[in-house]
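Novice: Before we start, here is the structure in question, set down as structure tokens.
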Amino acid sequence: MNLADGVQLVSFAVLAAMMLGAALGVVLLANIVYSAFLLGLVFVSMSGMYILLNAGFVAAAQVLIYVGAVNVLILFGIMLVNKREDFAPVKNVWLGRAATGAVCLGLFALLGTMILATPWVISIAPPAGDDAMVVIGKHFFSDFLLPFELASVLLLMAMIGAIVLARRDLLPDELADQDGREPPVALKLPERPRELISGKK
Amino acid sequence: MQLEYFLLVAAALFCIGIYGLVTSRNAIRVLMSIELLLNSVNLNLMAFSNYLDPQGIRGQVFAVFVISIAAAEAAVGLAIVLAIYRNRDTVDMEQFNLLKW
Amino acid sequence: MDFANLAAQLNTGVILPEGIVLVTLMVVLVGDLITGRASSSRWSPYVGIAGLLAAIVALYFQWTTTTNPISFLGAFNGDALSIVFRGIVALSCAITLLITARYVEQSGTALPEFIVILLTATLGGMFLSGANELVMIFVSLETLSISSYLLTGYMKRDPRSNEASLKYLLIGAASSAIFLYGVSLVYGLSGGETRLSAITTSIVANNGEQSLGVVVALVFVIAGIAFKIAAVPFHQWTPDVYEGSPTPVVAFLSVGSKAAGFALAVRLLVSAFPMVSEQWRFVLTALAILSMVLGNVVALAQTSMKRMLAYSSIAQAGFVMIGLIIGTDAGYASMVFYLLVYLFMNLGGFACVILFTLRTGTDEITEYSGLYQKDPLLTLCLSICLLSLGGIPPLAGFFAKIYLFWAGWQSGAYTLVLLGLVTSVISIYYYIRVVKMMVVKEPEEMSDAVKNYPEIDWKLPGMRPLQVGLVVCLVATSLAGILSNPLFTLANNSVLRTPLLTPATIAPPASGTALLDQPSIHSSNSTLGG
């Protein structure tokens with residue numbers, strides 16, 4: 001093993017440990033703010049992994065989009081929903097968690113066996129390396145042109161939809177003052193709500 | 001450095017994500033678990049792209065698509081969480097039981 | 001590769017129908033900004049319907065003159081099968097638009113944005129029906145899913161709508177992540193291929209016929225598909241989402257989104273997983289049995305009309321899966337035919353539910369009692385659609401079910417067919433219960449909602465389109481049974497003219513007899529139809 005391989009292996013081990021530890025923190029810690037910051041750590045170590053995999057462009061995109069946009073969005077979400085609430089305890093919660101943990105370990109064992117048993121066909125061609133960005137660009141405008149265009153429609157619609165859902169509506173009486181019409185009814189389903197099951201207890 | 005190392009890490013991350021998805025009670029934490037799942041898929045794609053398809057790197061292109069769509073999904077998800085928080089004043093998944101059988 | 005060369009290779013004409021839908025979407029969006037809310041909610045549904053009908057016309061011309069269906073360098077395949085499925089998705093959206101306007105108006109939300117998101121969902125569904133490449137499948141699937149989440153939560157002041165949309169989003173995003181993990185394994189197993197046509201050969205070349213990896217990938221992919229078509233045990237979201245979301249959205253989800261899911265299932269399973277076809281047939285058989293049994297039995301216990309239709313749609317998905325499992329020409333054709341008929345009868349049923357909700361503000365089944373005295377048209381239409389869903393003879397649903405079961409029997413899937421017959425009988429019970437409630441009750445047994453039934457007024461804004469939608473579905477459901485030959489021909493041709501599905505006849509399914517009977521299938525269709 002030469003020096004370069006050793007460095008790669010060590011940095012892989014460090015990144016993997018950091019990533020898995022942070023991911024466990026995301027799902028296990030009680031405080032949601034810690035979870036959100038640890039999620040950022042997962043994203044950053046993931047981008048380190050990408051660099052190890054000769055993919056500088058995607059590593060940069062990962063930092064920009066995941067850390068810069070998604071993580072910040074989640075933090076904003078947490079702040080907008082900033083009620084310190086202690087969830088009412090549910091009976092036998094540990095039992096469910098233990099069962100889920102066992103299922104997840106089983107799933108990991110299955111996936112691990114599958115990964116080790118499959119004869120992957122390793123290609124011997126040299127990696128694209130720094131030309132990757134050019135290759136990706138060519139893909140975007142040749143064989144991946146249609147998904148690329150459709151993704152733009154998807155993003156437009158997600159933007160419109162998110163605004164429609166998250167915007168605070170004008171109150172009905174304000175609307176009535178504006179254009180002098182009758183105030184519209186509340187923005188609800190026309191169906192009557194059913195009797196709640198919990199209400200009958 | 002072998003392909004299997006990366007795939008195993010991705011599989012571990014996937015299982016952690018599934019665990020978080022099932023056990024979390026805070027709706028925002030469920031969204032975070034989904035991001036973990038998508039990241040493990042991305043790691044898979046990137047590893048395959050580097051070891052099996054180093055010239056075509058379709059996996060990298062796929063990962064870019066997954067990243068951009070995950071961002072859209074997160075934005076929509078948070079908008080929905082905000083809307084429900086306004087109405088119900090909680091983000092506890094156990095409380096969302098208006099619709100049962 | 002220079003530009004002119006590239007443009008020639010893209011073969012963009014194939015996605016003309018989708019282009020029309022996209023332009024319509026932009027027209028509604030920008031027109032709403034320019035003309036303002038009050039006028040745009042008057043014209044936008046008509047623009048949407050016109051655009052969708054234009055797209056269907058474009059699809060018709062492609063049907064008659066397809067030469068080279070592969071476009072965008074293999075990303076999209078506009079073969080005959082995809083044309084039929086795209087037509088189903090577009091038509092379901094057009095009918096949904098007809099019955100939407102009044103409902104959204106009455107709930108006080110903005111109509112143009114609703115139409116824009118619905119059209120985006122349609123666009124996603126249409127692209128999904130023809131997607132021929134893993135990235136394209138993922139992006140179009142997400143376009144369909146994300147717009148469905150938004151539509152579900154559109155009535156944002158209503159906690160039920162919020163909750164339905166949150167559940168749908170979380171389960172949907174998780175299932176698409178699992179689907180994606182399976183897809184990434186497929187990418188790896190095939191050694192870096194994303195085009196469906198190339199995947200199989202390279203998987204077989206790399207790993208031999210079967211391996212654990214292929215099976216794991218298959219299971220993950222099926223989980224994603226089963227979520228989309230709402231098959232048990234991936235159905236948990238269905239009743240909640242159907243009850244909590246606006247009813248027109250439910251109508252679209254139960255037909256358009258489901259049809260797109262079936263198109264994805266056919267294309268992905270048949271073209272990418274032929275080496276494990278026994279395995280996926282086995283998994284799908286289990287899903288179909290569970291869906292038929294659980295959907296039909298739980299539907300018996302429902303008190304809400306929307307919830308009952310939700311479980312009924314789960315059961316219908318189970319029936320349609322029979323056609324996919326047996327995998328003969330007749331099987332695929334019967335599946336397409338069933339979906340075509342299901343489109344009209346289910347949308348007709350939902351149109352009636354919407355109309356009743358608008359007039360009385362409830363969707364409890366007991367509140368329908370005695371409706372015949374007050375509104376014969378609504379009663380007639382709802383009865384016809386429900387009886388057709390149950391499979392009562394002269395109606396379209398009967399012939400669709402017979403064709404499906406007949407195809408299943410021919411290829412030796414006896415258990416599935418017998419189970420299908422038994423569960424159909426169960427389903428007739430709960431459909432008839434509603435019909436009986438509406439028709440037979442004496443005037444004094446009328447429910448309060450029906451006693452206070454408002455005067456029938458088709459002049460209100462948005463009521464005319466609803467009436468048109470209702471009548472179209474009614475006519476189609478009652479006539480498609482007797483005059484079903486064009487639909488039979490369409491379904492058969494869509495399968496025969498699709499190169500993807502032609503090897504299906506060569507690979508023997510369960511018994512060899514189906515092959516010998518191939519020529520007689522088409523002749524007996526015409527006797528059935530005529």
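Identifiers for the structure tokens are assigned positionally: chains receive A, B, ... in sequence, residues are indexed from 1 per chain, and ligands are indexed from 1 in the order shown.
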Residues of chain C were defined as contacting chain A if any atom lay at most 7 Å from it, counting only C-alpha atoms; please report them as a ChimeraX atom specification.
Specialist: /C:72-73,75,107-109,117,135-136,139,143,150,154-158,189,191,206-207,212-213,246,357-358,361-363
Novice: Produce a table with one row for each residue of chain B that has an atom at most 6 Å from any atom of chain C, each row naming the nearest atom pair and its distance in Å at one decimal; use only C-alpha atoms; arrange rows by chain and rising residue number; format as a tab-separated table.
Specialist:
```
residue	atom	partner	partner_atom	distance
B:Leu38	CA	C:Ala177	CA	5.8
B:Val41	CA	C:Tyr181	CA	5.3
B:Leu45	CA	C:Ser184	CA	5.7
B:Phe48	CA	C:Gly188	CA	5.4
B:Leu52	CA	C:Gly191	CA	5.4
B:Asp53	CA	C:Gly192	CA	5.1
B:Ile84	CA	C:Asn162	CA	5.3
B:Leu99	CA	C:Asp240	CA	5.6
```
Novice: Select, from A:Phe37, A:Gly106, A:Phe43, A:Leu53, the residue with the minimum atom-to-atom distance to Asn44 (chain B), counting only C-alpha atoms.
Specialist: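 Closest candidate: A:Leu53.
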Novice: Could you give me, as a Markdown table, a per-residue list for chain B showing, wherever an atom lies at most 6 Å from an atom of chain A, the closest pair of atoms and their distance in Å to one decimal, using only C-alpha atoms and sorting by chain then residue number from low to high?
Specialist:
```
| residue | atom | partner | partner_atom | distance |
| --- | --- | --- | --- | --- |
| B:Cys15 | CA | A:Cys104 | CA | 5.4 |
| B:Gly20 | CA | A:Val27 | CA | 4.9 |
| B:Asn50 | CA | A:Leu53 | CA | 6.0 |
| B:Tyr51 | CA | A:Ile122 | CA | 5.6 |
| B:Leu52 | CA | A:Ser123 | CA | 4.8 |
| B:Pro54 | CA | A:Pro127 | CA | 4.5 |
| B:Gln55 | CA | A:Ala128 | CA | 5.5 |
| B:Ala71 | CA | A:Val70 | CA | 5.8 |
| B:Val76 | CA | A:Ala162 | CA | 5.2 |
| B:Ala79 | CA | A:Ala166 | CA | 4.9 |
| B:Ala83 | CA | A:Ala166 | CA | 5.9 |
```
Novice: Write out, as a tab-separated table (two decimals), in the first residue's frame, the residues just selected, with C-alpha atoms.
Specialist:
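File again-v4.tsv, as written:
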```
chain	number	residue	atom	x	y	z
B	15	CYS	CA	-30.95	1.72	7.63
B	20	GLY	CA	-35.54	7.52	12.03
B	50	ASN	CA	-16.78	6.03	-10.03
B	51	TYR	CA	-16.03	2.33	-10.08
B	52	LEU	CA	-18.27	0.93	-12.80
B	54	PRO	CA	-15.94	6.15	-14.83
B	55	GLN	CA	-16.17	7.52	-18.34
B	71	ALA	CA	-34.46	20.25	-2.29
B	76	VAL	CA	-42.84	21.42	-0.11
B	79	ALA	CA	-44.61	24.28	3.68
B	83	ALA	CA	-49.65	24.78	7.34
```
Novice: Using CA of Tyr414 (chain C) and CA of Phe282 (chain C) as the two end points, give the distance in Å to one decimal.
Specialist: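 Result for CA of Tyr414 (chain C) versus CA of Phe282 (chain C): 14.2 Å, one decimal.
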Novice: When you look at Trp280 (chain C) with a cut-off of 10 Å (counting only C-alpha atoms), what residues show up, excluding the ones that are within fewer than 2 positions of it in the same chain? I need them as a list in words.
Specialist: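 Returned residues: Val215, Leu218, Val219, Ile222, Leu269, Val270, Phe273, Pro274, Met275, Val276, Ser277, Glu278, Phe282, Val283, Leu284, Thr285, Ala286 and Ile325 of chain C.
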Novice: For Asn11 (chain C), please output as a PDB file with all heavy atoms, in the first residue's frame all residues within 9 Å (counting only C-alpha atoms; exclusion window: fewer than 3 positions along the same chain).
Specialist:
```
ATOM      1  N   ALA C   7     -30.520  18.257 -32.866  1.00  0.00           N
ATOM      2  CA  ALA C   7     -31.958  18.488 -32.971  1.00  0.00           C
ATOM      3  C   ALA C   7     -32.619  17.405 -33.796  1.00  0.00           C
ATOM      4  O   ALA C   7     -33.732  16.973 -33.502  1.00  0.00           O
ATOM      5  CB  ALA C   7     -32.215  19.865 -33.586  1.00  0.00           C
ATOM      6  N   ALA C   8     -31.908  16.932 -34.830  1.00  0.00           N
ATOM      7  CA  ALA C   8     -32.478  15.878 -35.657  1.00  0.00           C
ATOM      8  C   ALA C   8     -32.590  14.579 -34.873  1.00  0.00           C
ATOM      9  O   ALA C   8     -33.553  13.836 -35.013  1.00  0.00           O
ATOM     10  CB  ALA C   8     -31.619  15.671 -36.896  1.00  0.00           C
ATOM     11  N   VAL C  14     -42.364  13.550 -30.808  1.00  0.00           N
ATOM     12  CA  VAL C  14     -43.058  12.545 -30.013  1.00  0.00           C
ATOM     13  C   VAL C  14     -43.692  13.145 -28.768  1.00  0.00           C
ATOM     14  O   VAL C  14     -44.740  12.695 -28.320  1.00  0.00           O
ATOM     15  CB  VAL C  14     -42.077  11.412 -29.656  1.00  0.00           C
ATOM     16  CG1 VAL C  14     -42.715  10.405 -28.748  1.00  0.00           C
ATOM     17  CG2 VAL C  14     -41.583  10.739 -30.904  1.00  0.00           C
ATOM     18  N   ILE C  15     -43.060  14.176 -28.202  1.00  0.00           N
ATOM     19  CA  ILE C  15     -43.635  14.717 -26.969  1.00  0.00           C
ATOM     20  C   ILE C  15     -44.519  15.920 -27.251  1.00  0.00           C
ATOM     21  O   ILE C  15     -44.747  16.750 -26.370  1.00  0.00           O
ATOM     22  CB  ILE C  15     -42.570  15.063 -25.930  1.00  0.00           C
ATOM     23  CG1 ILE C  15     -41.615  16.128 -26.448  1.00  0.00           C
ATOM     24  CG2 ILE C  15     -41.797  13.858 -25.487  1.00  0.00           C
ATOM     25  CD1 ILE C  15     -40.927  16.859 -25.316  1.00  0.00           C
ATOM     26  N   ASN C  68     -41.201   6.452 -35.592  1.00  0.00           N
ATOM     27  CA  ASN C  68     -40.055   6.220 -34.733  1.00  0.00           C
ATOM     28  C   ASN C  68     -40.394   6.700 -33.334  1.00  0.00           C
ATOM     29  O   ASN C  68     -40.365   7.892 -33.061  1.00  0.00           O
ATOM     30  CB  ASN C  68     -38.849   6.987 -35.289  1.00  0.00           C
ATOM     31  CG  ASN C  68     -37.664   6.847 -34.388  1.00  0.00           C
ATOM     32  OD1 ASN C  68     -37.618   5.955 -33.555  1.00  0.00           O
ATOM     33  ND2 ASN C  68     -36.710   7.744 -34.544  1.00  0.00           N
ATOM     34  N   PRO C  69     -40.792   5.806 -32.439  1.00  0.00           N
ATOM     35  CA  PRO C  69     -41.276   6.256 -31.137  1.00  0.00           C
ATOM     36  C   PRO C  69     -40.196   6.718 -30.171  1.00  0.00           C
ATOM     37  O   PRO C  69     -40.491   7.427 -29.218  1.00  0.00           O
ATOM     38  CB  PRO C  69     -41.998   5.026 -30.588  1.00  0.00           C
ATOM     39  CG  PRO C  69     -41.332   3.883 -31.233  1.00  0.00           C
ATOM     40  CD  PRO C  69     -40.888   4.348 -32.575  1.00  0.00           C
ATOM     41  N   ILE C  70     -38.940   6.317 -30.397  1.00  0.00           N
ATOM     42  CA  ILE C  70     -37.889   6.669 -29.431  1.00  0.00           C
ATOM     43  C   ILE C  70     -37.482   8.110 -29.624  1.00  0.00           C
ATOM     44  O   ILE C  70     -37.126   8.518 -30.726  1.00  0.00           O
ATOM     45  CB  ILE C  70     -36.655   5.779 -29.622  1.00  0.00           C
ATOM     46  CG1 ILE C  70     -37.040   4.318 -29.601  1.00  0.00           C
ATOM     47  CG2 ILE C  70     -35.614   6.084 -28.585  1.00  0.00           C
ATOM     48  CD1 ILE C  70     -37.336   3.792 -28.252  1.00  0.00           C
ATOM     49  N   SER C  71     -37.549   8.907 -28.557  1.00  0.00           N
ATOM     50  CA  SER C  71     -37.114  10.287 -28.715  1.00  0.00           C
ATOM     51  C   SER C  71     -36.192  10.676 -27.583  1.00  0.00           C
ATOM     52  O   SER C  71     -36.037   9.943 -26.607  1.00  0.00           O
ATOM     53  CB  SER C  71     -38.317  11.218 -28.754  1.00  0.00           C
ATOM     54  OG  SER C  71     -38.888  11.294 -27.492  1.00  0.00           O
ATOM     55  N   PHE C  72     -35.585  11.808 -27.712  1.00  0.00           N
ATOM     56  CA  PHE C  72     -34.630  12.341 -26.738  1.00  0.00           C
ATOM     57  C   PHE C  72     -33.543  11.317 -26.406  1.00  0.00           C
ATOM     58  O   PHE C  72     -33.231  11.045 -25.260  1.00  0.00           O
ATOM     59  CB  PHE C  72     -35.340  12.816 -25.467  1.00  0.00           C
ATOM     60  CG  PHE C  72     -36.017  14.131 -25.667  1.00  0.00           C
ATOM     61  CD1 PHE C  72     -37.317  14.179 -26.123  1.00  0.00           C
ATOM     62  CD2 PHE C  72     -35.344  15.300 -25.455  1.00  0.00           C
ATOM     63  CE1 PHE C  72     -37.929  15.391 -26.334  1.00  0.00           C
ATOM     64  CE2 PHE C  72     -35.952  16.520 -25.668  1.00  0.00           C
ATOM     65  CZ  PHE C  72     -37.241  16.568 -26.105  1.00  0.00           C
ATOM     66  N   LEU C  73     -32.989  10.721 -27.466  1.00  0.00           N
ATOM     67  CA  LEU C  73     -31.862   9.799 -27.351  1.00  0.00           C
ATOM     68  C   LEU C  73     -32.165   8.673 -26.365  1.00  0.00           C
ATOM     69  O   LEU C  73     -31.326   8.289 -25.565  1.00  0.00           O
ATOM     70  CB  LEU C  73     -30.597  10.548 -26.922  1.00  0.00           C
ATOM     71  CG  LEU C  73     -30.198  11.697 -27.849  1.00  0.00           C
ATOM     72  CD1 LEU C  73     -29.107  12.525 -27.217  1.00  0.00           C
ATOM     73  CD2 LEU C  73     -29.744  11.155 -29.181  1.00  0.00           C
TER      74      LEU C  73
END
```
Novice: As an exercise, work out the distance from CA of Phe65 (chain B) to CA of Ser92 (chain C) in Å and give it to one decimal place.
Specialist: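 Value for the CA of Phe65 (chain B)-CA of Ser92 (chain C) distance: 28.7 Å.
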Novice: Env of Leu21 (chain B): 6 Å cut, atoms = only C-alpha atoms, seq-sep filter 3 positions within chain, self excluded. Answer as number ranges by chain.
Specialist: B: 18, 24, 30, 33
Novice: Which parts of region 21-101 of chain B does DSSP call alpha helix (DSSP H) when run on the backbone here, written out as a PyMOL selection string?
Specialist: chain B and resi 21-23+27-52+58-88
Novice: Which is closest to Val84 (chain C) among C:Gly130, C:Gly370, C:Gly19, C:Pro45, if we use only C-alpha atoms?
Specialist: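 Under the stated criterion, the closest residue is C:Gly130.
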Novice: Need the shell around Ile426 (chain C): protein/DNA/RNA residues with any atom at most 12 Å away, counting only C-alpha atoms. Skip same-chain ones fewer than 3 positions apart. Format as a tab-separated table (two decimals) with C-alpha atoms, in the first residue's frame?
Specialist:
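Result file result_23.tsv:
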```
chain	number	residue	atom	x	y	z
C	292	MET	CA	-58.60	-7.79	-3.55
C	293	VAL	CA	-59.40	-9.39	-0.21
C	294	LEU	CA	-58.53	-6.55	2.12
C	295	GLY	CA	-59.88	-3.78	-0.12
C	296	ASN	CA	-63.24	-5.43	-0.61
C	297	VAL	CA	-63.71	-6.64	2.95
C	298	VAL	CA	-62.75	-3.39	4.67
C	299	ALA	CA	-64.92	-1.41	2.26
C	300	LEU	CA	-67.93	-3.20	3.74
C	301	ALA	CA	-67.40	-1.48	7.08
C	312	SER	CA	-62.92	0.05	-3.57
C	315	ALA	CA	-59.59	-3.58	-4.65
C	390	GLY	CA	-69.36	-3.82	-9.02
C	391	GLY	CA	-69.66	-5.54	-12.40
C	419	LEU	CA	-60.53	-15.15	-5.78
C	420	GLY	CA	-61.37	-12.25	-8.07
C	421	LEU	CA	-64.83	-13.67	-8.68
C	422	VAL	CA	-65.52	-14.22	-4.98
C	423	THR	CA	-64.33	-10.75	-3.98
C	429	TYR	CA	-72.87	-6.06	-1.73
C	430	TYR	CA	-71.46	-2.74	-0.62
C	431	TYR	CA	-72.14	-1.04	-3.93
C	432	ILE	CA	-75.73	-2.25	-3.92
C	433	ARG	CA	-76.13	-1.09	-0.32
```
Novice: For the atom pair CA of Gln60 (chain B) and CA of Asp130 (chain A), what is the interatomic distance in Å to one decimal place?
Specialist: 12.9 Å
